[in-house]
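Shown next: coords-v8.txt, given as compact mmCIF, C-alpha atoms and all ligand atoms.
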# COMPACT_ATOMS: atom_id res chain seq x y z
CA MET E 1 -4.45 3.63 -29.72
CA ASN E 2 -4.61 6.54 -27.33
CA ASN E 3 -3.20 5.41 -23.98
CA THR E 4 -5.62 7.41 -21.90
CA LYS E 5 -8.53 5.50 -23.37
CA GLN E 6 -7.18 2.12 -22.38
CA THR E 7 -8.39 0.66 -19.14
CA ILE E 8 -6.61 -1.45 -16.61
CA VAL E 9 -6.51 -5.11 -17.64
CA ASN E 10 -6.40 -8.37 -15.72
CA ILE E 11 -3.64 -10.20 -17.58
CA ALA E 12 -3.32 -13.36 -15.45
CA SER E 13 -5.02 -15.10 -12.56
CA ALA E 14 -4.78 -18.31 -10.57
CA ALA E 15 -5.47 -19.79 -7.16
CA LEU E 16 -2.84 -19.05 -4.52
CA PRO E 17 -2.86 -21.16 -1.37
CA THR E 18 -1.00 -19.32 1.40
CA THR E 19 -0.49 -19.65 5.13
CA TYR E 20 -3.35 -17.14 5.40
CA GLY E 21 -5.71 -19.31 3.36
CA VAL E 22 -6.51 -19.60 -0.32
CA PHE E 23 -6.59 -16.43 -2.39
CA GLN E 24 -7.10 -15.78 -6.02
CA ILE E 25 -4.06 -13.94 -7.30
CA ARG E 26 -4.53 -11.61 -10.22
CA ILE E 27 -2.09 -9.49 -12.14
CA TYR E 28 -3.36 -6.19 -13.48
CA LYS E 29 -1.53 -4.14 -16.04
CA SER E 30 -2.13 -0.43 -15.89
CA PRO E 31 -1.96 1.90 -18.89
CA GLU E 32 -1.58 4.66 -16.29
CA ASP E 33 1.97 3.70 -15.33
CA GLY E 34 2.68 0.74 -17.65
CA LEU E 35 3.36 -1.45 -14.61
CA GLU E 36 1.99 -4.74 -13.35
CA HIS E 37 0.22 -4.74 -9.99
CA VAL E 38 -0.80 -7.70 -7.85
CA VAL E 39 -4.23 -8.31 -6.34
CA LEU E 40 -5.13 -11.03 -3.84
CA ILE E 41 -8.81 -11.78 -3.52
CA LYS E 42 -10.32 -13.75 -0.66
CA GLY E 43 -13.81 -15.19 -0.99
CA LYS E 44 -15.96 -16.24 -3.92
CA LYS E 45 -18.50 -13.47 -3.59
CA ILE E 46 -17.66 -9.83 -3.18
CA LYS E 47 -20.08 -8.18 -0.82
CA GLU E 48 -19.81 -4.45 -0.20
CA PRO E 49 -18.48 -2.81 1.82
CA ILE E 50 -15.51 -5.11 1.40
CA LEU E 51 -12.33 -5.15 3.51
CA VAL E 52 -9.44 -3.75 1.49
CA ARG E 53 -5.75 -3.15 2.06
CA ILE E 54 -3.88 -1.11 -0.51
CA HIS E 55 -0.22 -1.82 0.13
CA SER E 56 2.82 -0.42 -1.63
CA GLU E 57 5.68 -2.80 -2.32
CA CYS E 58 8.64 -2.77 0.06
CA LEU E 59 11.31 -5.28 -0.95
CA THR E 60 13.67 -4.44 1.90
CA GLY E 61 11.02 -4.81 4.56
CA GLU E 62 8.87 -7.63 3.18
CA VAL E 63 11.55 -9.91 1.76
CA PHE E 64 14.64 -9.03 3.75
CA THR E 65 12.86 -8.21 7.06
CA SER E 66 14.37 -4.72 7.30
CA LEU E 67 13.60 -3.02 10.60
CA ARG E 68 13.73 0.44 9.04
CA CYS E 69 9.99 0.43 8.38
CA ASP E 70 6.76 -1.23 9.42
CA CYS E 71 5.73 -2.47 5.93
CA ARG E 72 6.24 -6.17 6.55
CA ASP E 73 4.24 -6.22 9.77
CA GLN E 74 1.51 -4.16 8.12
CA LEU E 75 1.34 -6.64 5.25
CA ILE E 76 1.17 -9.61 7.63
CA LYS E 77 -1.51 -7.92 9.74
CA SER E 78 -3.52 -7.07 6.63
CA LEU E 79 -3.42 -10.66 5.36
CA THR E 80 -4.39 -11.87 8.81
CA GLU E 81 -7.38 -9.51 8.96
CA ILE E 82 -8.48 -10.38 5.42
CA SER E 83 -8.16 -14.09 6.17
CA LYS E 84 -10.57 -13.64 9.11
CA ALA E 85 -13.15 -11.87 6.93
CA LYS E 86 -15.57 -13.65 4.60
CA SER E 87 -14.15 -11.71 1.70
CA GLY E 88 -11.41 -9.17 1.26
CA ILE E 89 -8.89 -7.75 -1.14
CA LEU E 90 -5.21 -6.90 -0.96
CA ILE E 91 -3.98 -4.60 -3.71
CA TYR E 92 -0.20 -4.75 -3.83
CA LEU E 93 1.04 -1.76 -5.76
CA ASN E 94 4.25 -1.76 -7.71
CA GLN E 95 5.57 1.46 -6.18
CA GLU E 96 8.67 0.77 -4.13
CA GLY E 97 9.98 3.43 -1.76
CA ARG E 98 6.84 5.57 -1.77
CA GLY E 99 7.15 5.73 -5.55
CA ILE E 100 10.83 6.68 -5.93
CA GLY E 101 12.02 3.15 -6.77
CA LEU E 102 14.44 0.79 -5.05
CA THR E 103 17.70 2.50 -6.02
CA ASN E 104 16.57 5.90 -4.82
CA LYS E 105 15.13 4.36 -1.67
CA ILE E 106 18.55 2.89 -0.83
CA LYS E 107 20.14 6.28 -1.60
CA ALA E 108 17.64 7.85 0.79
CA TYR E 109 18.60 5.29 3.45
CA ALA E 110 22.25 6.32 3.02
CA LEU E 111 21.28 9.95 3.56
CA GLN E 112 19.33 8.93 6.65
CA GLU E 113 22.52 7.41 8.04
CA ASN E 114 23.85 10.97 8.02
CA GLY E 115 20.97 12.22 10.11
CA LEU E 116 18.29 13.24 7.61
CA ASP E 117 14.78 11.96 8.10
CA THR E 118 12.88 10.18 5.33
CA VAL E 119 11.20 13.36 4.10
CA GLU E 120 14.43 15.39 4.07
CA ALA E 121 16.28 12.54 2.34
CA ASN E 122 13.66 12.36 -0.42
CA GLU E 123 13.81 16.11 -0.85
CA GLN E 124 17.59 16.06 -1.08
CA LEU E 125 17.29 13.50 -3.87
CA GLY E 126 14.89 15.83 -5.66
CA PHE E 127 11.65 13.98 -4.94
CA ALA E 128 8.43 14.96 -3.28
CA THR E 129 7.76 13.50 0.17
CA ASP E 130 5.38 10.91 -1.17
CA LEU E 131 5.00 10.15 -4.86
CA ARG E 132 2.50 7.39 -4.35
CA SER E 133 -0.65 7.53 -6.38
CA PHE E 134 -3.63 5.42 -5.53
CA LYS E 135 -5.35 6.00 -8.85
CA VAL E 136 -4.38 2.55 -10.10
CA ALA E 137 -5.84 1.01 -6.94
CA ALA E 138 -9.10 2.90 -7.53
CA GLN E 139 -9.14 1.66 -11.13
CA ILE E 140 -8.64 -1.93 -9.99
CA LEU E 141 -11.50 -1.62 -7.49
CA LYS E 142 -13.78 -0.18 -10.17
CA LYS E 143 -12.79 -2.98 -12.54
CA LEU E 144 -13.87 -5.42 -9.80
CA LYS E 145 -17.14 -3.44 -9.58
CA ILE E 146 -16.36 -2.35 -6.04
CA CYS E 147 -17.16 1.19 -4.97
CA LYS E 148 -17.66 0.88 -1.21
CA ILE E 149 -14.84 -0.33 1.02
CA ASN E 150 -13.62 -0.71 4.58
CA ILE E 151 -9.98 0.21 4.36
CA LEU E 152 -7.03 -0.85 6.50
CA THR E 153 -4.80 2.22 6.73
CA ASN E 154 -3.30 4.95 8.91
CA ASN E 155 -2.79 7.27 5.95
CA PRO E 156 -5.34 10.07 5.47
CA ASP E 157 -3.87 10.97 2.06
CA LYS E 158 -4.76 7.52 0.78
CA ILE E 159 -8.37 8.06 1.83
CA THR E 160 -8.57 11.50 0.23
CA GLN E 161 -7.09 10.20 -3.02
CA LEU E 162 -9.44 7.21 -3.18
CA GLU E 163 -12.46 9.40 -2.51
CA ASN E 164 -11.33 11.77 -5.24
CA PHE E 165 -11.15 8.79 -7.59
CA GLY E 166 -14.74 7.86 -6.73
CA ILE E 167 -14.27 5.16 -4.09
CA GLN E 168 -16.54 5.38 -1.08
CA ILE E 169 -14.83 4.78 2.27
CA ASN E 170 -17.35 3.16 4.58
CA LYS E 171 -14.90 2.62 7.43
CA THR E 172 -11.24 3.26 8.15
CA ILE E 173 -9.58 0.54 10.18
CA PRO E 174 -6.24 1.51 11.80
CA LEU E 175 -3.26 -0.68 10.95
CA GLU E 176 -0.80 0.35 13.57
CA ILE E 177 2.32 -1.64 14.40
CA LYS E 178 4.24 -1.21 17.65
CA PRO E 179 7.45 0.67 16.81
CA ASN E 180 10.85 -0.98 17.18
CA LEU E 181 14.06 0.81 18.23
CA ILE E 182 15.01 1.42 14.61
CA ASP E 183 11.77 2.38 12.87
CA ILE E 184 10.58 4.72 15.64
CA ARG E 185 12.19 7.72 13.93
CA TYR E 186 10.63 6.82 10.59
CA LEU E 187 7.23 6.37 12.21
CA LYS E 188 7.56 9.72 14.00
CA THR E 189 8.28 11.37 10.65
CA LYS E 190 5.25 9.61 9.18
CA LYS E 191 3.15 10.92 12.04
CA TYR E 192 4.41 14.50 12.35
CA LYS E 193 5.41 15.31 8.77
CA MET E 194 3.06 13.14 6.73
CA GLY E 195 -0.01 13.19 8.93
CA HIS E 196 -0.36 9.45 9.46
CA LYS E 197 -2.65 8.58 12.33
CA LEU E 198 -0.36 6.80 14.77
CA LYS E 199 -1.02 6.48 18.47
CA LEU E 200 1.90 4.29 19.51
CA VAL E 201 4.69 6.71 18.53
ZN ZN E 301 9.03 -0.53 4.04
Could you take the file, read its structure, and then write that structure out as structure tokens?
Ligand SMILES: [Zn+2]
Amino acid sequence: MNNTKQTIVNIASAALPTTYGVFQIRIYKSPEDGLEHVVLIKGKKIKEPILVRIHSECLTGEVFTSLRCDCRDQLIKSLTEISKAKSGILIYLNQEGRGIGLTNKIKAYALQENGLDTVEANEQLGFATDLRSFKVAAQILKKLKICKINILTNNPDKITQLENFGIQINKTIPLEIKPNLIDIRYLKTKKYKMGHKLKLV
């Protein structure tokens, strides 16, 4: 079968009680990248515009509490906001290190120890600044019959991409985390080189 004709598929789902309340967890497999992506859904009924966070995996930050980035705090804040809403969705994309993978992300960290910023480090490794694609997220939303969302993000590129993939952004809700002494440089790069909307750096 031609890969491009396949659509994204929900391959497993179950209830997931968490400290932020009960979610339905679903695993979607994408023919786009061949990877499995995680979706947490809060609420029985989806009413548009629905609150959505599209979050890219960060093992170092989310599991090991790395202070090099703000991913963990952003994830926690997103789950907190979604838990307060009647319904909401967290799409957790399998794209570590802005799409370059864990090994290359650690290599980029090593380069940053020698003074490069995150963009320069990625470039030195031969990657674009940000390889993340939000096409899979748009496909998941469409599969859930959602086309109008309120999105938690500081990243204008995410909004542009989603709109290009046919998702209507009703409202953009900032998701800014106060910088720490270590991630301030990373957040400054995000702001000045990647155009993220950050007021606290
Ligand atoms: Zn991170």
TODO: Please identify the residues whose atoms come within 9 Å of ligand ZN 301 (chain E), using all atoms listed in the file, and report them as a ChimeraX atom specification.
DONE: /E:56-62,66-72,96-98
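The smallest atom-to-atom distance between Gln6 in chain E and any of E:Gly34, E:Thr103, E:Phe23, E:Asp73, using all atoms listed in the file, is found for E:Gly34.
Taking CA of Phe64 in chain E and CA of Gly99 in chain E as endpoints, the distance between them is 19.0 Å.
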TODO: Using all atoms listed in the file, determine which residues lie at most 12 Å from Ile54 in chain E, disregarding the query and same-chain residues fewer than 5 positions distant; provide the list as a PyMOL selection string.
DONE: chain E and resi 37-40+71+74-75+78-79+82+88-95+132-138+140-141+149-155+158-159+162+175
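Atom to atom, CA of Tyr186 in chain E and CA of Gln161 in chain E stand 22.6 Å apart.
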- [ ] For CA of Lys193 in chain E and CA of Val119 in chain E, determine how far apart the two atoms are, in Å to one decimal place.
- [x] 7.7 Å
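Using only C-alpha atoms, the smallest distance between any of E:Ser87, E:Gln139, E:Thr129, E:Asn164 and Asn10 in chain E comes from E:Gln139.
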Mind working out the centre and edge lengths of an axis-aligned box for range 171-190 of chain E, all listed atoms inside, 3 Å added to each side, rounded to one decimal in Å and written as AutoDock Vina command-line options?
--center_x 0.1 --center_y 4.9 --center_z 12.8 --size_x 35.9 --size_y 19.0 --size_z 16.8
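Closest approach to Ile46 in chain E among E:Ile146, E:Ile106, E:Ile76, E:Val201 is made by E:Ile146 (distances from all atoms listed in the file).
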Task: Which residue of E:Ala110, E:Ile8, E:Ala15, E:Met194 approaches Tyr28 in chain E most closely, using all atoms listed in the file - done: E:Ile8
Contacts of Ser13 in chain E at 9 Å (only C-alpha atoms; same-chain gap of 6+ positions) as a PDB file with C-alpha atoms, in the coordinates of the input:
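Wrote it out as part_14.pdb, contents follow:
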ATOM      1  CA  GLN E  24      -7.100 -15.780  -6.020  1.00  0.00           C
ATOM      2  CA  ILE E  25      -4.060 -13.940  -7.300  1.00  0.00           C
ATOM      3  CA  ARG E  26      -4.530 -11.610 -10.220  1.00  0.00           C
ATOM      4  CA  ILE E  27      -2.090  -9.490 -12.140  1.00  0.00           C
TER       5      ILE E  27
END
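Among the candidates E:Asp183, E:Leu200, E:Glu48, E:Lys29, the residue lying nearest to Gln112 in chain E is E:Asp183 (atoms considered: all atoms listed in the file).
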